[in-house]
$ cat upload_27.cif   # mmCIF, C-alpha atoms
data_protein
loop_
_atom_site.label_atom_id
_atom_site.label_comp_id
_atom_site.auth_asym_id
_atom_site.auth_seq_id
_atom_site.Cartn_x
_atom_site.Cartn_y
_atom_site.Cartn_z
CA MET S 1 0.00 0.00 0.00
CA PRO S 2 1.41 3.46 -0.83
CA ALA S 3 2.28 5.64 2.14
CA VAL S 4 2.67 9.34 2.94
CA LEU S 5 4.86 10.04 5.97
CA MET S 6 4.61 13.42 7.73
CA LEU S 7 7.14 14.52 10.38
CA ARG S 8 5.89 16.91 13.08
CA ALA S 9 7.38 15.65 16.32
CA LEU S 10 6.61 18.70 18.45
CA GLY S 11 3.99 19.88 20.97
CA LEU S 12 0.24 20.39 21.01
CA GLY S 13 0.12 23.82 19.39
CA ASP S 14 2.60 22.76 16.71
CA PHE S 15 0.50 19.69 15.96
CA LEU S 16 -2.71 21.72 15.64
CA THR S 17 -1.20 24.32 13.30
CA GLY S 18 -0.27 21.46 10.95
CA VAL S 19 -3.85 20.17 10.58
CA PRO S 20 -4.58 21.93 7.24
CA ALA S 21 -1.42 20.45 5.73
CA TYR S 22 -2.26 16.94 6.99
CA ARG S 23 -5.70 17.20 5.43
CA ALA S 24 -4.32 18.54 2.16
CA LEU S 25 -2.02 15.53 1.88
CA ARG S 26 -4.87 13.17 2.78
CA ARG S 27 -6.94 14.59 -0.07
CA ALA S 28 -4.05 14.55 -2.53
CA TYR S 29 -3.21 10.90 -1.84
CA PRO S 30 -6.58 9.24 -1.12
CA ASP S 31 -5.29 5.70 -1.72
CA ALA S 32 -2.23 6.04 0.51
CA GLU S 33 -1.79 5.37 4.21
CA THR S 34 -1.08 8.67 5.94
CA VAL S 35 1.40 8.32 8.80
CA LEU S 36 2.32 11.08 11.25
CA ALA S 37 5.67 10.82 13.03
CA ALA S 38 4.95 12.62 16.30
CA PRO S 39 4.95 12.12 20.10
CA GLU S 40 2.74 9.31 21.40
CA THR S 41 0.86 11.78 23.62
CA LEU S 42 -0.75 13.29 20.52
CA ARG S 43 -2.37 10.03 19.38
CA PRO S 44 -5.88 10.92 20.68
CA LEU S 45 -5.96 14.15 18.69
CA ALA S 46 -4.41 12.59 15.57
CA GLU S 47 -7.48 10.38 15.41
CA LEU S 48 -9.75 13.44 15.50
CA THR S 49 -8.26 15.12 12.41
CA GLY S 50 -9.76 12.64 9.95
CA ALA S 51 -6.47 12.92 8.05
CA ILE S 52 -4.09 10.54 9.83
CA ASP S 53 -4.33 6.77 9.50
CA ARG S 54 -1.49 5.96 11.85
CA LEU S 55 0.68 7.75 14.40
CA LEU S 56 4.30 6.61 14.51
CA PRO S 57 5.73 7.57 17.94
CA THR S 58 8.77 9.77 17.33
CA GLY S 59 10.77 12.17 19.51
CA GLU S 60 11.82 15.64 18.47
CA LEU S 61 14.71 15.50 15.98
CA ARG S 62 15.08 11.77 16.59
CA PRO S 63 15.32 9.09 13.89
CA ILE S 64 11.92 8.08 12.51
CA PRO S 65 11.37 4.37 13.30
CA TRP S 66 10.15 3.56 9.78
CA ASP S 67 10.60 -0.17 9.21
CA GLY S 68 8.70 -0.92 6.00
CA PRO S 69 9.41 -0.21 2.35
CA PRO S 70 10.20 3.47 1.74
CA PRO S 71 7.12 5.68 1.81
CA ASP S 72 6.10 7.14 -1.52
CA VAL S 73 6.13 10.64 -0.05
CA ALA S 74 7.85 12.01 3.07
CA VAL S 75 7.13 15.54 4.27
CA ASP S 76 9.20 17.62 6.68
CA LEU S 77 6.54 19.59 8.55
CA HIS S 78 9.01 20.09 11.37
CA GLY S 79 11.81 22.48 10.44
CA ASN S 80 13.95 24.02 7.75
CA GLY S 81 17.43 22.53 8.04
CA PRO S 82 19.52 19.38 8.17
CA ALA S 83 18.40 18.35 11.67
CA SER S 84 14.84 17.69 10.51
CA HIS S 85 15.71 16.90 6.88
CA ARG S 86 17.99 13.98 7.83
CA PRO S 87 15.26 11.78 9.43
CA VAL S 88 13.06 12.36 6.39
CA ASP S 89 15.89 11.58 3.97
CA ALA S 90 16.64 8.39 5.88
CA THR S 91 13.22 6.95 5.00
CA GLY S 92 14.30 6.71 1.35
CA ALA S 93 11.06 8.25 0.09
CA ALA S 94 10.96 8.93 -3.63
CA THR S 95 9.36 12.35 -3.08
CA ARG S 96 10.60 14.47 -0.16
CA MET S 97 8.84 17.73 0.55
CA MET S 98 11.12 20.09 2.45
CA TYR S 99 11.99 23.75 2.83
CA ALA S 100 15.21 25.17 1.50
CA SER S 101 16.96 27.69 3.74
CA ALA S 102 20.33 29.25 4.46
CA ALA S 103 21.14 26.07 6.41
CA ALA S 104 20.00 23.84 3.51
CA PRO S 105 20.29 25.93 0.32
CA ASP S 106 20.43 22.97 -2.08
CA VAL S 107 17.09 21.44 -1.10
CA ASP S 108 14.55 21.12 -3.91
CA GLY S 109 11.74 23.09 -2.33
CA PRO S 110 10.43 26.57 -1.54
CA TRP S 111 12.51 29.00 0.49
CA TRP S 112 11.76 29.28 4.21
CA ASP S 113 10.20 32.57 5.37
CA ASP S 114 10.89 33.23 9.04
CA ASP S 115 8.09 35.82 9.25
CA GLU S 116 5.27 33.57 8.02
CA HIS S 117 2.33 32.39 10.11
CA GLU S 118 2.87 28.80 11.21
CA VAL S 119 -0.33 27.54 9.58
CA ALA S 120 0.38 29.26 6.27
CA ARG S 121 3.98 27.98 6.31
CA TRP S 122 3.07 24.32 6.03
CA CYS S 123 0.26 24.96 3.56
CA ARG S 124 2.74 26.78 1.32
CA LEU S 125 5.18 23.88 1.49
CA VAL S 126 2.71 21.29 0.20
CA GLU S 127 1.26 23.74 -2.33
CA TRP S 128 4.74 24.14 -3.87
CA TRP S 129 4.46 20.43 -4.63
CA GLY S 130 1.05 20.85 -6.27
CA VAL S 131 -1.07 19.94 -3.23
CA PRO S 132 -3.85 22.53 -2.64
CA ALA S 133 -4.26 23.43 1.03
CA ASP S 134 -6.75 25.56 2.96
CA PRO S 135 -5.20 27.42 5.94
CA GLY S 136 -8.67 27.77 7.46
CA ASP S 137 -9.20 24.00 7.65
CA LEU S 138 -8.41 23.90 11.38
CA LEU S 139 -11.45 22.43 13.11
CA LEU S 140 -11.27 19.04 14.87
CA ARG S 141 -13.96 16.53 15.69
CA ALA S 142 -14.91 16.64 19.36
CA PRO S 143 -13.78 13.69 21.48
CA ALA S 144 -16.41 11.09 22.32
CA ALA S 145 -15.73 11.69 26.02
CA GLU S 146 -18.09 14.00 27.87
CA PRO S 147 -16.45 17.16 29.22
CA ALA S 148 -15.95 17.21 32.98
CA VAL S 149 -17.76 20.58 33.05
CA ARG S 150 -20.02 21.89 30.30
CA ARG S 151 -19.93 25.53 29.21
CA ALA S 152 -16.95 26.19 31.45
CA ALA S 153 -14.79 29.28 31.43
CA VAL S 154 -11.40 27.63 30.92
CA VAL S 155 -8.47 29.57 32.38
CA HIS S 156 -5.04 28.19 31.44
CA PRO S 157 -2.17 30.03 33.21
CA GLY S 158 0.67 27.76 32.11
CA ALA S 159 3.06 27.69 29.15
CA ALA S 160 6.22 25.77 28.34
CA PHE S 161 8.51 28.66 29.33
CA PRO S 162 8.20 31.53 31.84
CA ALA S 163 8.57 34.10 29.03
CA ARG S 164 5.04 33.21 27.90
CA ARG S 165 3.40 33.03 31.35
CA TRP S 166 1.27 36.00 32.39
CA PRO S 167 1.44 36.45 36.19
CA ALA S 168 -0.66 34.06 38.26
CA ASP S 169 -2.24 36.84 40.32
CA ARG S 170 -3.61 38.44 37.14
CA PHE S 171 -5.07 35.14 35.96
CA ALA S 172 -6.63 34.83 39.42
CA ALA S 173 -8.26 38.25 39.04
CA VAL S 174 -9.71 37.22 35.66
CA ALA S 175 -10.95 33.91 37.06
CA ARG S 176 -12.54 35.70 40.02
CA ALA S 177 -14.38 38.07 37.70
CA LEU S 178 -15.63 35.21 35.51
CA ALA S 179 -16.86 33.32 38.57
CA ALA S 180 -18.63 36.44 39.83
CA GLU S 181 -20.54 36.56 36.54
CA GLY S 182 -21.80 33.06 37.21
CA HIS S 183 -19.49 31.07 34.95
CA PRO S 184 -18.29 27.64 36.09
CA VAL S 185 -14.55 28.35 36.03
CA VAL S 186 -11.91 25.64 35.68
CA ILE S 187 -8.14 26.13 35.88
CA THR S 188 -6.31 23.77 33.52
CA GLY S 189 -2.69 22.78 33.09
CA THR S 190 -0.28 19.90 32.91
CA ALA S 191 0.74 17.80 35.90
CA ALA S 192 3.83 19.99 36.21
CA GLU S 193 1.60 23.08 36.32
CA ARG S 194 -0.77 21.82 39.00
CA ASP S 195 0.74 24.03 41.74
CA LEU S 196 0.43 27.06 39.46
CA ALA S 197 -3.19 26.20 38.69
CA ALA S 198 -3.94 25.68 42.39
CA ALA S 199 -2.42 29.07 43.23
CA VAL S 200 -4.61 30.75 40.60
CA ALA S 201 -7.71 28.99 41.96
CA GLU S 202 -6.87 29.99 45.52
CA GLY S 203 -6.32 33.60 44.49
CA ALA S 204 -9.69 33.55 42.71
CA GLY S 205 -11.49 32.05 45.70
CA LEU S 206 -12.30 28.86 43.80
CA PRO S 207 -12.49 25.39 45.36
CA ALA S 208 -9.91 22.67 44.73
CA ALA S 209 -12.49 20.91 42.52
CA ALA S 210 -12.08 23.74 40.01
CA VAL S 211 -8.52 22.58 39.27
CA PRO S 212 -8.44 19.59 36.88
CA ALA S 213 -4.84 20.46 35.93
CA GLY S 214 -2.77 17.30 35.51
CA THR S 215 -5.75 14.94 35.78
CA THR S 216 -7.62 15.18 32.48
CA GLY S 217 -5.19 13.76 29.94
CA LEU S 218 -5.21 15.24 26.45
CA THR S 219 -8.56 13.69 25.55
CA GLY S 220 -10.20 15.13 28.66
CA LEU S 221 -8.66 18.54 28.04
CA ALA S 222 -9.87 18.53 24.44
CA ALA S 223 -13.37 17.55 25.57
CA LEU S 224 -13.36 20.30 28.19
CA VAL S 225 -12.31 22.94 25.65
CA ALA S 226 -14.69 21.64 22.97
CA GLY S 227 -17.59 22.10 25.40
CA ALA S 228 -16.37 25.39 26.89
CA ALA S 229 -18.02 28.80 26.77
CA VAL S 230 -14.71 30.67 26.62
CA VAL S 231 -10.96 30.08 26.97
CA VAL S 232 -8.39 32.49 28.44
CA SER S 233 -4.77 31.44 28.06
CA ASN S 234 -1.22 32.32 27.30
CA ASP S 235 0.25 31.71 23.84
CA THR S 236 0.33 27.93 24.18
CA GLY S 237 -1.35 24.74 22.97
CA VAL S 238 -4.69 25.31 24.71
CA SER S 239 -5.23 28.47 22.68
CA HIS S 240 -4.94 26.36 19.52
CA LEU S 241 -7.46 23.90 20.96
CA ALA S 242 -9.89 26.82 21.31
CA THR S 243 -9.32 27.57 17.62
CA ALA S 244 -9.77 23.88 16.72
CA TYR S 245 -13.19 23.87 18.38
CA GLY S 246 -14.33 27.37 17.42
CA VAL S 247 -14.60 28.37 21.08
CA PRO S 248 -14.38 32.11 21.88
CA SER S 249 -10.95 32.84 23.32
CA VAL S 250 -8.61 35.51 24.58
CA THR S 251 -4.92 34.71 24.11
CA LEU S 252 -2.06 36.68 25.68
CA PHE S 253 1.09 37.12 23.60
CA GLY S 254 4.53 38.33 24.68
CA PRO S 255 7.80 37.38 22.98
CA VAL S 256 6.20 36.25 19.69
CA SER S 257 3.65 38.09 17.58
CA PRO S 258 0.17 36.70 17.00
CA ALA S 259 0.89 37.38 13.31
CA LEU S 260 3.05 34.25 13.48
CA TRP S 261 1.18 32.05 15.97
CA GLY S 262 -2.17 33.70 16.63
CA PRO S 263 -5.73 32.54 15.99
CA PRO S 264 -7.58 33.21 12.72
CA GLU S 265 -8.70 36.81 12.43
CA ASP S 266 -12.18 35.75 11.28
CA GLY S 267 -12.89 33.57 14.32
CA PRO S 268 -14.38 34.35 17.75
CA HIS S 269 -10.92 35.06 19.14
CA VAL S 270 -8.99 38.01 20.53
CA ALA S 271 -5.18 38.13 20.57
CA LEU S 272 -3.74 40.68 23.00
CA TRP S 273 -0.22 41.95 22.34
CA HIS S 274 1.89 45.06 22.91
CA GLY S 275 4.85 44.46 20.63
CA THR S 276 6.26 45.09 17.18
CA GLY S 277 7.97 42.78 14.73
CA GLY S 278 7.68 39.04 14.57
CA ARG S 279 9.84 37.74 17.41
CA PRO S 280 10.95 40.68 19.53
CA GLY S 281 11.51 38.50 22.61
CA ASP S 282 12.89 35.12 23.61
CA ALA S 283 10.07 32.57 23.60
CA HIS S 284 12.24 30.26 25.71
CA GLY S 285 13.20 32.92 28.25
CA GLY S 286 13.22 32.41 32.00
CA GLU S 287 11.24 35.56 32.92
CA PRO S 288 7.86 36.88 31.73
CA ASP S 289 8.37 38.89 28.58
CA PRO S 290 7.93 42.64 29.15
CA ARG S 291 5.40 42.84 26.31
CA LEU S 292 3.32 40.20 28.07
CA LEU S 293 3.47 42.15 31.32
CA ARG S 294 2.00 45.21 29.57
CA ILE S 295 -1.31 43.37 29.21
CA THR S 296 -3.58 44.39 32.08
CA VAL S 297 -6.40 42.53 33.81
CA ASP S 298 -8.82 45.23 32.63
CA GLU S 299 -7.77 44.60 29.01
CA VAL S 300 -8.49 40.90 29.33
CA LEU S 301 -11.86 41.54 30.96
CA ALA S 302 -12.74 44.05 28.23
CA ALA S 303 -11.80 41.52 25.56
CA LEU S 304 -13.98 38.91 27.23
CA ALA S 305 -16.88 41.37 27.40
CA GLY S 306 -16.43 42.11 23.69
CA LEU S 307 -16.60 38.44 22.82
CA ARG S 308 -19.95 38.24 24.54
CA GLN S 309 -21.42 41.19 22.63
CA PRO S 310 -23.91 40.35 19.87
CA ALA S 311 -22.57 40.58 16.34
CA GLY S 312 -23.06 43.91 14.62
#
$ encode --input "upload_27.cif" --output "structure tokens"
Amino acid sequence: MPAVLMLRALGLGDFLTGVPAYRALRRAYPDAETVLAAPETLRPLAELTGAIDRLLPTGELRPIPWDGPPPDVAVDLHGNGPASHRPVDATGAATRMMYASAAAPDVDGPWWDDDEHEVARWCRLVEWWGVPADPGDLLLRAPAAEPAVRRAAVVHPGAAFPARRWPADRFAAVARALAAEGHPVVITGTAAERDLAAAVAEGAGLPAAAVPAGTTGLTGLAALVAGAAVVVSNDTGVSHLATAYGVPSVTLFGPVSPALWGPPEDGPHVALWHGTGGRPGDAHGGEPDPRLLRITVDEVLAALAGLRQPAG
């Protein structure tokens, strides 16, 4: 059976921004098995795209454990240089879709644009190879699991690095205001972020039961977001889940512009940012980015109020 292998061994947000490209490849090769090389944790969501037949567990910039005949097509949806090109080359695929760049100038492919939105980037790659792609094709099927809380206001104070974490006391103020309006508020996060989530809940006067952080698993988190009334988060994977389920959201940006990683402009989403350029800060920094700290609680509450206004 022919096969199309796609490499995107990164995190939740990275995975979700690749969905239009996965679907474009699925449509272009309807008789092929589509295989995504990605972390095992993403398997539940891979099944919800309708575009991926099989997930092949793969670590970031690690060899792809491909053990069959070479795939017909292998696509680097991961990076723009030798570190991500090498695992794709090693599969022996006849067609290899990759970006050329200063680090890999001889690659047969389009030239990498550092200032391109992440969704558009991967659509442009496959389009260069004659595969039409729709950057707006971002929605996922909802998980079969029932959400722990329906119509929740989901507040997500975590992020992979401190540079993208708005202060906990400000998230607490937002959560307190949402609860005062009568919303069932939940504070989400990973297991490593449970203490942070608990601190936000305590500051908001919420009970411990309002903190499912570290207990839901990815399927439970997706179900919670899919059934939510609104999501407030930093620039991290949960904001992309809100996009994937068309849930109104307010996302707080700091070191990186929403022009590169933000939600669609035509959706029920607000991206708050006080910066210029594409990447004015260090997304992996150890302190909250100063642009992030310029966002006030009042701004977030105003954005939430705007989302609840009737259209027109």
$ residues_around --input "upload_27.cif" --residues "Ala283 of chain S" --least-positions-apart "2" --cutoff "8 Å" --atoms "all atoms listed in the file" --output "PDB file with C-alpha atoms, keeping the file's coordinate frame"
ATOM      1  CA  PHE S 161       8.510  28.660  29.330  1.00  0.00           C
ATOM      2  CA  ALA S 163       8.570  34.100  29.030  1.00  0.00           C
ATOM      3  CA  ARG S 164       5.040  33.210  27.900  1.00  0.00           C
ATOM      4  CA  PRO S 255       7.800  37.380  22.980  1.00  0.00           C
ATOM      5  CA  VAL S 256       6.200  36.250  19.690  1.00  0.00           C
ATOM      6  CA  GLY S 281      11.510  38.500  22.610  1.00  0.00           C
ATOM      7  CA  GLY S 285      13.200  32.920  28.250  1.00  0.00           C
TER       8      GLY S 285
END
$ closest_residue --input "upload_27.cif" --among "S:Gly214, S:Gly136, S:Gly109, S:Pro87" --to "Ala244 of chain S" --atoms "only C-alpha atoms"
S:Gly136
$ closest_residue --input "upload_27.cif" --among "S:Gly262, S:Gly306, S:Arg165, S:Thr236" --to "Asp289 of chain S" --atoms "only C-alpha atoms"
S:Arg165
$ closest_residue --input "upload_27.cif" --among "S:Val88, S:Ala94, S:Val4, S:Leu10" --to "Ala51 of chain S" --atoms "all atoms listed in the file"
S:Val4
$ resolve_selection --input "upload_27.cif" --expression "the PyMOL selection byres ((chain S and resi 184) around 8)" --output "number ranges by chain"
S: 149, 151-153, 179, 182-183, 185-186
$ resolve_selection --input "upload_27.cif" --expression "the PyMOL selection byres ((chain S and resi 130) around 12)" --output "NGL selection string"
:S and (24-25 or 27-29 or 97 or 109-110 or 123-129 or 131-133)
$ write_last_selection --input "upload_27.cif" --atoms "C-alpha atoms" --output "mmCIF file, keeping the file's coordinate frame"
data_model
loop_
_atom_site.group_PDB
_atom_site.id
_atom_site.type_symbol
_atom_site.label_atom_id
_atom_site.label_comp_id
_atom_site.auth_asym_id
_atom_site.auth_seq_id
_atom_site.Cartn_x
_atom_site.Cartn_y
_atom_site.Cartn_z
ATOM 1 C CA ALA S 24 -4.320 18.540 2.160
ATOM 2 C CA LEU S 25 -2.020 15.530 1.880
ATOM 3 C CA ARG S 27 -6.940 14.590 -0.070
ATOM 4 C CA ALA S 28 -4.050 14.550 -2.530
ATOM 5 C CA TYR S 29 -3.210 10.900 -1.840
ATOM 6 C CA MET S 97 8.840 17.730 0.550
ATOM 7 C CA GLY S 109 11.740 23.090 -2.330
ATOM 8 C CA PRO S 110 10.430 26.570 -1.540
ATOM 9 C CA CYS S 123 0.260 24.960 3.560
ATOM 10 C CA ARG S 124 2.740 26.780 1.320
ATOM 11 C CA LEU S 125 5.180 23.880 1.490
ATOM 12 C CA VAL S 126 2.710 21.290 0.200
ATOM 13 C CA GLU S 127 1.260 23.740 -2.330
ATOM 14 C CA TRP S 128 4.740 24.140 -3.870
ATOM 15 C CA TRP S 129 4.460 20.430 -4.630
ATOM 16 C CA VAL S 131 -1.070 19.940 -3.230
ATOM 17 C CA PRO S 132 -3.850 22.530 -2.640
ATOM 18 C CA ALA S 133 -4.260 23.430 1.030
#
$ atom_distance --input "upload_27.cif" --atom1 "atom CA of Asn234 of chain S" --atom2 "atom CA of His156 of chain S"
7.0 Å
$ resolve_selection --input "upload_27.cif" --expression "the PyMOL selection byres ((chain S and resi 204) around 8)" --output "number ranges by chain"
S: 172-176, 200-203, 205-206
$ residues_around --input "upload_27.cif" --residues "Asp266 of chain S" --least-positions-apart "4" --cutoff "12 Å" --atoms "only C-alpha atoms" --output "PyMOL selection string"
chain S and resi 136+243+246+248+262+270-271
$ write_last_selection --input "upload_27.cif" --atoms "C-alpha atoms" --output "PDB file, keeping the file's coordinate frame"
ATOM      1  CA  GLY S 136      -8.670  27.770   7.460  1.00  0.00           C
ATOM      2  CA  THR S 243      -9.320  27.570  17.620  1.00  0.00           C
ATOM      3  CA  GLY S 246     -14.330  27.370  17.420  1.00  0.00           C
ATOM      4  CA  PRO S 248     -14.380  32.110  21.880  1.00  0.00           C
ATOM      5  CA  GLY S 262      -2.170  33.700  16.630  1.00  0.00           C
ATOM      6  CA  VAL S 270      -8.990  38.010  20.530  1.00  0.00           C
ATOM      7  CA  ALA S 271      -5.180  38.130  20.570  1.00  0.00           C
TER       8      ALA S 271
END
$ closest_residue --input "upload_27.cif" --among "S:Ala210, S:Leu77, S:Ala103, S:Val19" --to "Leu138 of chain S" --atoms "all atoms listed in the file"
S:Val19
$ atom_distance --input "upload_27.cif" --atom1 "atom CA of Gly189 of chain S" --atom2 "atom CA of Pro147 of chain S"
15.4 Å
$ atom_distance --input "upload_27.cif" --atom1 "atom CA of Asp195 of chain S" --atom2 "atom CA of Ser249 of chain S"
23.5 Å
$ closest_residue --input "upload_27.cif" --among "S:Gly18, S:Pro167, S:Pro70, S:Gly220" --to "Arg121 of chain S" --atoms "only C-alpha atoms"
S:Gly18
$ closest_atom_pairs --input "upload_27.cif" --of "segment 81-165 of chain S" --to "segment 32-49 of chain S" --cutoff "9 Å" --atoms "only C-alpha atoms" --output "tab-separated table"
residue	atom	partner	partner_atom	distance
S:Leu138	CA	S:Thr49	CA	8.8
S:Leu139	CA	S:Thr49	CA	8.0
S:Leu140	CA	S:Thr49	CA	5.5
S:Arg141	CA	S:Leu48	CA	5.2
S:Ala142	CA	S:Leu48	CA	7.2
S:Pro143	CA	S:Leu48	CA	7.2
$ closest_residue --input "upload_27.cif" --among "S:Val155, S:Leu292, S:Ala3, S:Ala160" --to "Gly254 of chain S" --atoms "all atoms listed in the file"
S:Leu292
$ residues_around --input "upload_27.cif" --residues "Pro268 of chain S" --least-positions-apart "6" --cutoff "12 Å" --atoms "all atoms listed in the file" --output "ChimeraX atom specification"
/S:229-231,239,242-251,303-304,306-311
$ decode --input "upload_27.cif" --residues "segment 64-140 of chain S" --atoms "C-alpha atoms" --output "short mmCIF file (atom, residue, chain, number, x, y, z; two decimals), in the first residue's frame"
data_model
loop_
_atom_site.label_atom_id
_atom_site.label_comp_id
_atom_site.auth_asym_id
_atom_site.auth_seq_id
_atom_site.Cartn_x
_atom_site.Cartn_y
_atom_site.Cartn_z
CA ILE S 64 11.92 8.08 12.51
CA PRO S 65 11.37 4.37 13.30
CA TRP S 66 10.15 3.56 9.78
CA ASP S 67 10.60 -0.17 9.21
CA GLY S 68 8.70 -0.92 6.00
CA PRO S 69 9.41 -0.21 2.35
CA PRO S 70 10.20 3.47 1.74
CA PRO S 71 7.12 5.68 1.81
CA ASP S 72 6.10 7.14 -1.52
CA VAL S 73 6.13 10.64 -0.05
CA ALA S 74 7.85 12.01 3.07
CA VAL S 75 7.13 15.54 4.27
CA ASP S 76 9.20 17.62 6.68
CA LEU S 77 6.54 19.59 8.55
CA HIS S 78 9.01 20.09 11.37
CA GLY S 79 11.81 22.48 10.44
CA ASN S 80 13.95 24.02 7.75
CA GLY S 81 17.43 22.53 8.04
CA PRO S 82 19.52 19.38 8.17
CA ALA S 83 18.40 18.35 11.67
CA SER S 84 14.84 17.69 10.51
CA HIS S 85 15.71 16.90 6.88
CA ARG S 86 17.99 13.98 7.83
CA PRO S 87 15.26 11.78 9.43
CA VAL S 88 13.06 12.36 6.39
CA ASP S 89 15.89 11.58 3.97
CA ALA S 90 16.64 8.39 5.88
CA THR S 91 13.22 6.95 5.00
CA GLY S 92 14.30 6.71 1.35
CA ALA S 93 11.06 8.25 0.09
CA ALA S 94 10.96 8.93 -3.63
CA THR S 95 9.36 12.35 -3.08
CA ARG S 96 10.60 14.47 -0.16
CA MET S 97 8.84 17.73 0.55
CA MET S 98 11.12 20.09 2.45
CA TYR S 99 11.99 23.75 2.83
CA ALA S 100 15.21 25.17 1.50
CA SER S 101 16.96 27.69 3.74
CA ALA S 102 20.33 29.25 4.46
CA ALA S 103 21.14 26.07 6.41
CA ALA S 104 20.00 23.84 3.51
CA PRO S 105 20.29 25.93 0.32
CA ASP S 106 20.43 22.97 -2.08
CA VAL S 107 17.09 21.44 -1.10
CA ASP S 108 14.55 21.12 -3.91
CA GLY S 109 11.74 23.09 -2.33
CA PRO S 110 10.43 26.57 -1.54
CA TRP S 111 12.51 29.00 0.49
CA TRP S 112 11.76 29.28 4.21
CA ASP S 113 10.20 32.57 5.37
CA ASP S 114 10.89 33.23 9.04
CA ASP S 115 8.09 35.82 9.25
CA GLU S 116 5.27 33.57 8.02
CA HIS S 117 2.33 32.39 10.11
CA GLU S 118 2.87 28.80 11.21
CA VAL S 119 -0.33 27.54 9.58
CA ALA S 120 0.38 29.26 6.27
CA ARG S 121 3.98 27.98 6.31
CA TRP S 122 3.07 24.32 6.03
CA CYS S 123 0.26 24.96 3.56
CA ARG S 124 2.74 26.78 1.32
CA LEU S 125 5.18 23.88 1.49
CA VAL S 126 2.71 21.29 0.20
CA GLU S 127 1.26 23.74 -2.33
CA TRP S 128 4.74 24.14 -3.87
CA TRP S 129 4.46 20.43 -4.63
CA GLY S 130 1.05 20.85 -6.27
CA VAL S 131 -1.07 19.94 -3.23
CA PRO S 132 -3.85 22.53 -2.64
CA ALA S 133 -4.26 23.43 1.03
CA ASP S 134 -6.75 25.56 2.96
CA PRO S 135 -5.20 27.42 5.94
CA GLY S 136 -8.67 27.77 7.46
CA ASP S 137 -9.20 24.00 7.65
CA LEU S 138 -8.41 23.90 11.38
CA LEU S 139 -11.45 22.43 13.11
CA LEU S 140 -11.27 19.04 14.87
#
